[in-house]
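Engineer: Sharing a structure here in structure tokens format.
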Amino acid sequence: MELLNGAIRPYAWGSRTAIAALQGRSMPSSTPEAELWFGAHPADPSRLPDGRDLNEAIAKAPEALLGAETVAEFGARLPYLLKVLAAEQPLSLQAHPDADQAIEGFTREDEAGVPLGTPERNYVDAFHKPELLCAVSEFEALCGFRDPQLSAEVIETLGVPGLESIVALLRQDDAAQGLREAVTTLLTLPADHREELVRQATLSAERLADTDSPHAFDFALVADLGKRYPSDAGTIVALLLHHITLQPGQAIYMPAGNLHAYLRGVGVELMAASDNVLRGGLTGKHVDVPELLRVLRFEVLGDPISPAREAGGGIVDWPVPSREFRLSRLRLEADSGQRTLPVNGPSIILCWSGQIRLDDGVSPITLQPGQAAFAPADTPTIYASGFGDSYCAGLGTGH
């Protein structure tokens, strides 16, 4: 095992306190700190104690670090990326491509000569990006389409005449067709019409947010988004999505093609190792509505919350249908004694609180909050002791 030095991504929507507090640094940080990455993604790989990047080490000895089976299935790359996500402001309205779409999009942009690293580039790699987010603080999110009949009721209650056609589209018998037509209409409105519609919706939402309406929570969201993005139709599209607040320990799983936006809170996120994001609004970054519409799945997502599973011994996990990753949490009390870590294949262990000692019988490591360790695939059983919470990332089972 070896310590990993994670990479901080300073996106504008990030917190100036959450990641700094986790790592025991002075607050507030000089810039917003949105994500802390632990993994080998080439955009920002973690660093090993000898100064090498983890992806560089893997490239030189893939089977030794990843295992022959992992290399055979995923190639000479760590197939997942572990993040700490700290949202002070809303993230963009976005979705991620499936595996085939990612390959096709990456190849298409390469052949068109769109340089990597430019804002106009949608596909920065050729991989899909299903993701699981586990809340550590209260975490507010928009995730997946809800029943369009409910969305129609909420939008109708706003009482904005220009939205009557959207209500009618959502009330079609064919839910998928209604969602497709409503989203397409909203995201392709002419600029002057869009700005006025968002203005009226925001004013109405501000008034209704302070009433006893059963939809006051949604209206407060529209009022906030409308102030931040006064000419962005994503403010209204938000009403087509599940609007939830996760409590600590609850998680959501976002498969490919599901429209979502994280709004505020701190969480641990585990995903397939990709940075492909297709944005439709609520951002100052590159937006490509036609490409987003091409990859979106216009289907109602059931309960978006991924239930936790008690595995015994202080271990909880969140099973998802992904071969690339599995996330577990180990909670140790001071008198817990040793516990066996639930890891599979090449693993990353992140200490969230307390002090965790990891012992593989060869190179024991003690982790403080915000520190992580990488365990190669051939690491023998890892025993954990100490106290506090740690999150363990490893390979998934696909079911």
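Residue names in the structure tokens use chain letters A, B, ... in the order shown, residue numbers from 1 in each chain, and ligand numbers from 1 in the order shown.
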When you look at stretch 381-388 of chain A with a cut-off of 12 Å (counting only C-alpha atoms), what residues show up, excluding the ones that are within fewer than 3 positions of it in the same chain? I need them as a PyMOL selection string.
Structural biologist: chain A and resi 1+313-315+329-345+347-369+373-378+391-392
Engineer: Would you save the residues from that selection as a compact mmCIF listing (two decimals), in the first residue's frame, using N, CA and C atoms?
Structural biologist:
# COMPACT_ATOMS: atom_id res chain seq x y z
N MET A 1 0.84 -1.20 0.00
CA MET A 1 0.00 0.00 0.00
C MET A 1 0.87 1.25 0.00
N GLY A 313 -20.22 -5.79 10.79
CA GLY A 313 -18.90 -5.34 11.20
C GLY A 313 -18.65 -3.86 10.97
N GLY A 314 -19.71 -3.05 11.02
CA GLY A 314 -19.55 -1.62 10.80
C GLY A 314 -19.45 -1.22 9.34
N ILE A 315 -19.73 -2.16 8.43
CA ILE A 315 -19.59 -1.90 7.00
C ILE A 315 -20.96 -1.69 6.36
N ARG A 329 -18.49 1.88 3.11
CA ARG A 329 -18.06 2.72 4.23
C ARG A 329 -17.79 1.82 5.44
N LEU A 330 -16.68 2.03 6.08
CA LEU A 330 -16.36 1.31 7.31
C LEU A 330 -16.38 2.30 8.46
N ARG A 331 -17.19 2.00 9.47
CA ARG A 331 -17.27 2.85 10.66
C ARG A 331 -16.66 2.08 11.84
N LEU A 332 -15.60 2.64 12.40
CA LEU A 332 -14.90 2.01 13.52
C LEU A 332 -15.12 2.80 14.79
N GLU A 333 -15.48 2.11 15.85
CA GLU A 333 -15.49 2.69 17.18
C GLU A 333 -14.13 2.40 17.83
N ALA A 334 -13.83 3.14 18.89
CA ALA A 334 -12.52 2.98 19.53
C ALA A 334 -12.29 1.56 20.02
N ASP A 335 -13.36 0.84 20.37
CA ASP A 335 -13.22 -0.52 20.88
C ASP A 335 -13.59 -1.58 19.84
N SER A 336 -13.60 -1.20 18.54
CA SER A 336 -14.01 -2.14 17.50
C SER A 336 -12.99 -3.24 17.25
N GLY A 337 -11.72 -2.99 17.60
CA GLY A 337 -10.69 -3.95 17.25
C GLY A 337 -10.42 -3.92 15.76
N GLN A 338 -9.84 -4.96 15.22
CA GLN A 338 -9.54 -5.02 13.79
C GLN A 338 -10.76 -5.43 12.97
N ARG A 339 -10.89 -4.82 11.80
CA ARG A 339 -11.92 -5.21 10.84
C ARG A 339 -11.25 -5.48 9.50
N THR A 340 -11.81 -6.41 8.77
CA THR A 340 -11.30 -6.69 7.43
C THR A 340 -11.95 -5.74 6.43
N LEU A 341 -11.13 -5.05 5.64
CA LEU A 341 -11.68 -4.10 4.67
C LEU A 341 -12.37 -4.84 3.53
N PRO A 342 -13.55 -4.34 3.11
CA PRO A 342 -14.29 -4.98 2.01
C PRO A 342 -13.80 -4.49 0.66
N VAL A 343 -12.59 -4.88 0.26
CA VAL A 343 -12.02 -4.39 -1.00
C VAL A 343 -11.96 -5.51 -2.02
N ASN A 344 -12.00 -5.10 -3.28
CA ASN A 344 -11.97 -6.06 -4.39
C ASN A 344 -11.09 -5.49 -5.49
N GLY A 345 -9.98 -6.17 -5.79
CA GLY A 345 -9.08 -5.68 -6.82
C GLY A 345 -8.31 -4.47 -6.35
N SER A 347 -7.58 -1.00 -5.01
CA SER A 347 -8.50 -0.29 -4.11
C SER A 347 -7.92 1.03 -3.64
N ILE A 348 -8.81 1.95 -3.34
CA ILE A 348 -8.44 3.22 -2.72
C ILE A 348 -9.25 3.36 -1.43
N ILE A 349 -8.57 3.66 -0.34
CA ILE A 349 -9.22 3.81 0.96
C ILE A 349 -9.03 5.25 1.42
N LEU A 350 -10.13 5.94 1.67
CA LEU A 350 -10.13 7.35 2.08
C LEU A 350 -10.58 7.46 3.53
N CYS A 351 -9.76 8.08 4.36
CA CYS A 351 -10.16 8.35 5.75
C CYS A 351 -10.97 9.63 5.79
N TRP A 352 -12.16 9.53 6.36
CA TRP A 352 -13.01 10.73 6.46
C TRP A 352 -12.93 11.38 7.83
N SER A 353 -12.85 10.58 8.87
CA SER A 353 -12.81 11.14 10.23
C SER A 353 -12.02 10.20 11.12
N GLY A 354 -11.54 10.74 12.23
CA GLY A 354 -10.82 9.92 13.20
C GLY A 354 -9.40 9.62 12.75
N GLN A 355 -8.98 8.39 12.99
CA GLN A 355 -7.64 7.93 12.60
C GLN A 355 -7.72 6.45 12.30
N ILE A 356 -7.35 6.06 11.09
CA ILE A 356 -7.51 4.68 10.64
C ILE A 356 -6.14 4.09 10.32
N ARG A 357 -5.85 2.94 10.94
CA ARG A 357 -4.61 2.23 10.64
C ARG A 357 -4.92 1.05 9.73
N LEU A 358 -4.24 1.00 8.58
CA LEU A 358 -4.42 -0.07 7.62
C LEU A 358 -3.19 -0.97 7.66
N ASP A 359 -3.42 -2.26 7.79
CA ASP A 359 -2.30 -3.19 7.91
C ASP A 359 -2.49 -4.36 6.93
N ASP A 360 -1.58 -4.45 5.96
CA ASP A 360 -1.61 -5.56 5.00
C ASP A 360 -0.52 -6.59 5.30
N GLY A 361 0.12 -6.43 6.47
CA GLY A 361 1.19 -7.34 6.85
C GLY A 361 2.53 -7.02 6.22
N VAL A 362 2.55 -5.99 5.35
CA VAL A 362 3.79 -5.64 4.65
C VAL A 362 4.14 -4.17 4.85
N SER A 363 3.18 -3.29 4.57
CA SER A 363 3.45 -1.85 4.62
C SER A 363 2.29 -1.12 5.29
N PRO A 364 2.14 -1.23 6.62
CA PRO A 364 1.02 -0.58 7.30
C PRO A 364 1.07 0.94 7.15
N ILE A 365 -0.12 1.54 7.09
CA ILE A 365 -0.26 2.98 6.92
C ILE A 365 -1.30 3.49 7.90
N THR A 366 -1.08 4.65 8.49
CA THR A 366 -2.07 5.31 9.32
C THR A 366 -2.58 6.54 8.59
N LEU A 367 -3.89 6.59 8.41
CA LEU A 367 -4.51 7.69 7.66
C LEU A 367 -5.20 8.67 8.61
N GLN A 368 -5.01 9.95 8.32
CA GLN A 368 -5.74 11.03 8.98
C GLN A 368 -6.85 11.50 8.05
N PRO A 369 -7.81 12.27 8.55
CA PRO A 369 -8.89 12.74 7.69
C PRO A 369 -8.38 13.44 6.43
N ALA A 373 -5.13 5.96 0.67
CA ALA A 373 -4.09 4.99 0.32
C ALA A 373 -4.54 4.18 -0.88
N PHE A 374 -3.57 3.77 -1.66
CA PHE A 374 -3.83 2.89 -2.81
C PHE A 374 -3.28 1.51 -2.50
N ALA A 375 -4.12 0.49 -2.69
CA ALA A 375 -3.72 -0.90 -2.48
C ALA A 375 -3.77 -1.62 -3.81
N PRO A 376 -2.65 -2.13 -4.32
CA PRO A 376 -2.66 -2.88 -5.58
C PRO A 376 -3.51 -4.14 -5.50
N ALA A 377 -3.81 -4.69 -6.65
CA ALA A 377 -4.71 -5.85 -6.71
C ALA A 377 -4.20 -7.04 -5.94
N ASP A 378 -2.88 -7.22 -5.87
CA ASP A 378 -2.34 -8.40 -5.19
C ASP A 378 -2.10 -8.18 -3.71
N TYR A 391 -13.95 5.44 3.62
CA TYR A 391 -14.66 5.00 2.42
C TYR A 391 -13.70 4.19 1.56
N CYS A 392 -14.19 3.05 1.09
CA CYS A 392 -13.36 2.10 0.35
C CYS A 392 -13.91 1.96 -1.08
Engineer: Go through stretch 180-297 of chain A and collect every residue that DSSP, computed from the backbone, puts in strand (DSSP E or B); the answer should be as a list in words.
Structural biologist: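 Output for stretch 180-297 of chain A, strand (DSSP E or B) only: Leu241, His242, His243, Ile244, Thr245, Leu246, Ala251, Ile252, Tyr253, Met254, His260, Ala261, Tyr262, Leu263, Arg264, Gly265, Val266, Gly267, Val268, Glu269, Leu270, Met271, Ala272, Leu278, Arg279, Gly280 and Gly281 of chain A.
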Engineer: Export N, CA, C and O atoms of the chosen residues as a short mmCIF file (atom, residue, chain, number, x, y, z; two decimals), in the first residue's frame?
Structural biologist:
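And here's part.cif as it stands now:
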data_model
loop_
_atom_site.label_atom_id
_atom_site.label_comp_id
_atom_site.auth_asym_id
_atom_site.auth_seq_id
_atom_site.Cartn_x
_atom_site.Cartn_y
_atom_site.Cartn_z
N LEU A 241 -37.47 17.34 -12.97
CA LEU A 241 -36.58 16.38 -12.33
C LEU A 241 -36.97 16.13 -10.87
O LEU A 241 -37.59 16.97 -10.22
N HIS A 242 -36.59 14.96 -10.37
CA HIS A 242 -36.70 14.70 -8.94
C HIS A 242 -35.87 15.75 -8.19
O HIS A 242 -34.69 15.96 -8.50
N HIS A 243 -36.48 16.38 -7.21
CA HIS A 243 -35.78 17.37 -6.39
C HIS A 243 -35.73 16.81 -4.97
O HIS A 243 -36.75 16.74 -4.28
N ILE A 244 -34.56 16.36 -4.56
CA ILE A 244 -34.45 15.64 -3.30
C ILE A 244 -33.37 16.25 -2.41
O ILE A 244 -32.47 16.95 -2.88
N THR A 245 -33.49 15.97 -1.12
CA THR A 245 -32.44 16.30 -0.16
C THR A 245 -32.02 15.01 0.53
O THR A 245 -32.80 14.40 1.27
N LEU A 246 -30.79 14.60 0.25
CA LEU A 246 -30.24 13.40 0.88
C LEU A 246 -29.78 13.73 2.29
O LEU A 246 -29.23 14.81 2.54
N ALA A 251 -27.59 7.77 -0.64
CA ALA A 251 -26.83 7.87 -1.88
C ALA A 251 -27.76 7.88 -3.08
O ALA A 251 -28.90 7.40 -3.02
N ILE A 252 -27.27 8.42 -4.19
CA ILE A 252 -27.98 8.37 -5.46
C ILE A 252 -27.04 7.82 -6.52
O ILE A 252 -25.84 8.08 -6.51
N TYR A 253 -27.62 7.06 -7.45
CA TYR A 253 -26.86 6.47 -8.56
C TYR A 253 -27.41 7.05 -9.85
O TYR A 253 -28.61 7.01 -10.10
N MET A 254 -26.50 7.62 -10.66
CA MET A 254 -26.90 8.23 -11.92
C MET A 254 -26.30 7.43 -13.09
O MET A 254 -25.11 7.55 -13.41
N HIS A 260 -29.29 15.52 -14.61
CA HIS A 260 -29.16 15.79 -13.18
C HIS A 260 -28.37 17.07 -12.95
O HIS A 260 -27.70 17.60 -13.85
N ALA A 261 -28.44 17.55 -11.72
CA ALA A 261 -27.64 18.70 -11.28
C ALA A 261 -27.53 18.63 -9.77
O ALA A 261 -28.55 18.53 -9.07
N TYR A 262 -26.32 18.66 -9.26
CA TYR A 262 -26.12 18.70 -7.81
C TYR A 262 -26.17 20.16 -7.38
O TYR A 262 -25.57 21.03 -8.01
N LEU A 263 -26.87 20.44 -6.29
CA LEU A 263 -27.17 21.82 -5.93
C LEU A 263 -26.34 22.34 -4.77
O LEU A 263 -25.83 23.45 -4.81
N ARG A 264 -26.22 21.56 -3.72
CA ARG A 264 -25.40 21.99 -2.56
C ARG A 264 -25.14 20.80 -1.67
O ARG A 264 -25.93 19.85 -1.62
N GLY A 265 -24.02 20.84 -0.97
CA GLY A 265 -23.71 19.81 -0.01
C GLY A 265 -22.35 19.18 -0.25
O GLY A 265 -21.64 19.49 -1.22
N VAL A 266 -22.00 18.26 0.65
CA VAL A 266 -20.72 17.56 0.59
C VAL A 266 -21.00 16.07 0.48
O VAL A 266 -21.85 15.54 1.21
N GLY A 267 -20.29 15.40 -0.41
CA GLY A 267 -20.49 13.97 -0.58
C GLY A 267 -19.23 13.28 -1.06
O GLY A 267 -18.28 13.92 -1.52
N VAL A 268 -19.23 11.97 -0.95
CA VAL A 268 -18.19 11.13 -1.54
C VAL A 268 -18.78 10.53 -2.81
O VAL A 268 -19.84 9.93 -2.78
N GLU A 269 -18.08 10.72 -3.92
CA GLU A 269 -18.58 10.31 -5.22
C GLU A 269 -17.62 9.28 -5.82
O GLU A 269 -16.41 9.47 -5.81
N LEU A 270 -18.20 8.20 -6.34
CA LEU A 270 -17.41 7.18 -7.01
C LEU A 270 -18.02 6.93 -8.38
O LEU A 270 -19.25 6.76 -8.49
N MET A 271 -17.19 6.90 -9.40
CA MET A 271 -17.69 6.83 -10.77
C MET A 271 -16.72 6.07 -11.65
O MET A 271 -15.57 5.83 -11.28
N ALA A 272 -17.20 5.68 -12.83
CA ALA A 272 -16.28 5.18 -13.84
C ALA A 272 -15.32 6.30 -14.20
O ALA A 272 -15.67 7.48 -14.18
N LEU A 278 -21.94 16.45 -20.66
CA LEU A 278 -22.71 17.19 -21.65
C LEU A 278 -23.67 18.10 -20.91
O LEU A 278 -24.53 17.63 -20.16
N ARG A 279 -23.52 19.40 -21.12
CA ARG A 279 -24.26 20.40 -20.34
C ARG A 279 -25.39 21.01 -21.16
O ARG A 279 -25.24 21.25 -22.36
N GLY A 280 -26.50 21.30 -20.44
CA GLY A 280 -27.64 21.92 -21.10
C GLY A 280 -28.01 23.27 -20.54
O GLY A 280 -28.92 23.93 -21.03
N GLY A 281 -27.31 23.71 -19.47
CA GLY A 281 -27.63 24.99 -18.88
C GLY A 281 -27.18 25.09 -17.44
O GLY A 281 -26.50 24.20 -16.91
#
Engineer: For A:Gly67, find every residue with an atom within 12 Å (counting only C-alpha atoms), except residues of its own chain fewer than 3 positions away, and show them as an NGL selection string.
Structural biologist: :A and (58 or 61-64 or 70-78 or 344-347 or 375-379 or 395)
Engineer: Do you know which residues are at most 7 Å from A:Leu282 counting only C-alpha atoms, after dropping those on the same chain fewer than 4 positions away, and could you put them as a compact mmCIF listing (two decimals) with C-alpha atoms, in the first residue's frame?
Structural biologist:
# COMPACT_ATOMS: atom_id res chain seq x y z
CA SER A 92 -24.62 22.56 -14.36
CA LEU A 93 -27.64 20.73 -15.73
CA TYR A 229 -29.32 32.36 -14.32
CA ASP A 232 -31.52 30.14 -18.71
CA GLY A 234 -32.67 25.16 -17.27
Engineer: Could you tell me how far atom CA of A:Gln149 sits from atom CA of A:Glu195, in Å to one decimal place?
Structural biologist: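 Separation of atom CA of A:Glu195 and atom CA of A:Gln149: 25.1 Å.
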Engineer: Just want the 8 Å neighbourhood of A:Thr185, counted on only C-alpha atoms, with same-chain residues fewer than 4 positions away dropped. Output as a list of chain:residue names.
Structural biologist: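 The neighbour list is A:Ile166, A:Glu181, A:Leu189.
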Engineer: Would you compute the distance between atom CA of A:Ala7 and atom CA of A:Trp37? Give it in Å to one decimal.
Structural biologist: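 Here the two named atoms are 5.1 Å from each other.
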Engineer: Could you tell me, as a ChimeraX atom specification, which residues of stretch 119-257 of chain A DSSP assigns to alpha helix (DSSP H) when given the backbone?
Structural biologist: /A:148-158,164-170,175-187,191-208,216-228,234-237
Engineer: Save out the residues we just selected, C-alpha atoms, as a PDB file, in the first residue's frame.
Structural biologist:
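Wrote it out as result.pdb, contents follow:
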ATOM      1  CA  PRO A 148     -44.348  14.209 -16.059  1.00  0.00           C
ATOM      2  CA  GLN A 149     -47.908  14.452 -14.722  1.00  0.00           C
ATOM      3  CA  LEU A 150     -46.518  15.794 -11.442  1.00  0.00           C
ATOM      4  CA  SER A 151     -44.203  18.167 -13.289  1.00  0.00           C
ATOM      5  CA  ALA A 152     -47.164  19.424 -15.322  1.00  0.00           C
ATOM      6  CA  GLU A 153     -49.077  20.131 -12.101  1.00  0.00           C
ATOM      7  CA  VAL A 154     -46.156  22.069 -10.622  1.00  0.00           C
ATOM      8  CA  ILE A 155     -45.585  24.137 -13.771  1.00  0.00           C
ATOM      9  CA  GLU A 156     -49.296  24.823 -14.147  1.00  0.00           C
ATOM     10  CA  THR A 157     -49.402  26.152 -10.575  1.00  0.00           C
ATOM     11  CA  LEU A 158     -46.833  28.781 -11.538  1.00  0.00           C
ATOM     12  CA  GLU A 164     -49.263  26.320 -20.985  1.00  0.00           C
ATOM     13  CA  SER A 165     -47.895  24.513 -24.047  1.00  0.00           C
ATOM     14  CA  ILE A 166     -45.244  22.789 -21.888  1.00  0.00           C
ATOM     15  CA  VAL A 167     -47.966  21.598 -19.522  1.00  0.00           C
ATOM     16  CA  ALA A 168     -49.907  20.144 -22.457  1.00  0.00           C
ATOM     17  CA  LEU A 169     -46.824  18.333 -23.773  1.00  0.00           C
ATOM     18  CA  LEU A 170     -46.167  16.767 -20.373  1.00  0.00           C
ATOM     19  CA  ALA A 175     -44.577   9.952 -21.032  1.00  0.00           C
ATOM     20  CA  ALA A 176     -41.289   9.564 -22.930  1.00  0.00           C
ATOM     21  CA  GLN A 177     -42.555  11.565 -25.892  1.00  0.00           C
ATOM     22  CA  GLY A 178     -43.924  14.257 -23.590  1.00  0.00           C
ATOM     23  CA  LEU A 179     -40.592  14.589 -21.788  1.00  0.00           C
ATOM     24  CA  ARG A 180     -38.645  14.680 -25.048  1.00  0.00           C
ATOM     25  CA  GLU A 181     -40.842  17.385 -26.571  1.00  0.00           C
ATOM     26  CA  ALA A 182     -41.006  19.487 -23.389  1.00  0.00           C
ATOM     27  CA  VAL A 183     -37.249  19.433 -22.788  1.00  0.00           C
ATOM     28  CA  THR A 184     -36.443  20.074 -26.446  1.00  0.00           C
ATOM     29  CA  THR A 185     -38.889  22.978 -26.605  1.00  0.00           C
ATOM     30  CA  LEU A 186     -37.540  24.620 -23.444  1.00  0.00           C
ATOM     31  CA  LEU A 187     -33.858  24.253 -24.295  1.00  0.00           C
ATOM     32  CA  ALA A 191     -33.269  34.001 -26.595  1.00  0.00           C
ATOM     33  CA  ASP A 192     -35.788  36.845 -26.165  1.00  0.00           C
ATOM     34  CA  HIS A 193     -38.699  34.466 -25.543  1.00  0.00           C
ATOM     35  CA  ARG A 194     -36.615  32.377 -23.145  1.00  0.00           C
ATOM     36  CA  GLU A 195     -35.504  35.362 -21.083  1.00  0.00           C
ATOM     37  CA  GLU A 196     -39.050  36.661 -20.632  1.00  0.00           C
ATOM     38  CA  LEU A 197     -40.403  33.211 -19.771  1.00  0.00           C
ATOM     39  CA  VAL A 198     -37.704  32.660 -17.138  1.00  0.00           C
ATOM     40  CA  ARG A 199     -38.347  36.127 -15.726  1.00  0.00           C
ATOM     41  CA  GLN A 200     -42.072  35.437 -15.322  1.00  0.00           C
ATOM     42  CA  ALA A 201     -41.475  31.979 -13.866  1.00  0.00           C
ATOM     43  CA  THR A 202     -38.965  33.364 -11.366  1.00  0.00           C
ATOM     44  CA  LEU A 203     -41.321  36.110 -10.196  1.00  0.00           C
ATOM     45  CA  SER A 204     -44.173  33.641  -9.762  1.00  0.00           C
ATOM     46  CA  ALA A 205     -41.929  31.157  -7.963  1.00  0.00           C
ATOM     47  CA  GLU A 206     -40.722  33.836  -5.550  1.00  0.00           C
ATOM     48  CA  ARG A 207     -44.312  34.556  -4.590  1.00  0.00           C
ATOM     49  CA  LEU A 208     -45.343  30.899  -4.252  1.00  0.00           C
ATOM     50  CA  ALA A 216     -43.076  25.322  -2.228  1.00  0.00           C
ATOM     51  CA  PHE A 217     -39.758  23.425  -2.144  1.00  0.00           C
ATOM     52  CA  ASP A 218     -39.676  23.366  -5.959  1.00  0.00           C
ATOM     53  CA  PHE A 219     -40.698  26.982  -6.227  1.00  0.00           C
ATOM     54  CA  ALA A 220     -37.907  28.066  -3.882  1.00  0.00           C
ATOM     55  CA  LEU A 221     -35.494  26.275  -6.199  1.00  0.00           C
ATOM     56  CA  VAL A 222     -36.829  28.052  -9.309  1.00  0.00           C
ATOM     57  CA  ALA A 223     -36.644  31.405  -7.508  1.00  0.00           C
ATOM     58  CA  ASP A 224     -32.991  30.766  -6.616  1.00  0.00           C
ATOM     59  CA  LEU A 225     -31.970  29.450 -10.032  1.00  0.00           C
ATOM     60  CA  GLY A 226     -33.807  32.270 -11.796  1.00  0.00           C
ATOM     61  CA  LYS A 227     -31.750  34.836  -9.870  1.00  0.00           C
ATOM     62  CA  ARG A 228     -28.497  33.050 -10.650  1.00  0.00           C
ATOM     63  CA  GLY A 234     -32.668  25.164 -17.271  1.00  0.00           C
ATOM     64  CA  THR A 235     -34.434  27.035 -14.479  1.00  0.00           C
ATOM     65  CA  ILE A 236     -37.728  25.607 -15.768  1.00  0.00           C
ATOM     66  CA  VAL A 237     -36.338  22.245 -16.916  1.00  0.00           C
TER      67      VAL A 237
END
Engineer: Could you name the residues that touch A:Asn258 at 7 Å or less, counting only C-alpha atoms, but leaving out those on the same chain fewer than 4 positions away, as an mmCIF file with C-alpha atoms, in the first residue's frame?
Structural biologist:
data_model
loop_
_atom_site.group_PDB
_atom_site.id
_atom_site.type_symbol
_atom_site.label_atom_id
_atom_site.label_comp_id
_atom_site.auth_asym_id
_atom_site.auth_seq_id
_atom_site.Cartn_x
_atom_site.Cartn_y
_atom_site.Cartn_z
ATOM 1 C CA ALA A 95 -25.849 14.127 -18.381
ATOM 2 C CA GLY A 144 -33.553 12.046 -13.227
ATOM 3 C CA MET A 254 -26.896 8.225 -11.923
ATOM 4 C CA LEU A 296 -30.565 11.913 -22.888
ATOM 5 C CA ARG A 297 -32.826 9.052 -21.871
#
Engineer: State, in Å with one decimal place, the distance from atom CA of A:Pro380 to atom CA of A:Leu66.
Structural biologist: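 Computing it gives 13.6 Å between the two atoms.
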Engineer: Using only C-alpha atoms, can you tell me which of A:Ala273, A:Gly370, A:Thr188, A:Asp110 comes closest to A:Pro290?
Structural biologist: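 For A:Pro290, the nearest of the given residues is A:Thr188.
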Engineer: With distances taken over only C-alpha atoms, which residue among A:Glu69, A:Asp317, A:Asp389, A:Glu324 lies nearest A:Pro130?
Structural biologist: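 Closest candidate: A:Glu324.
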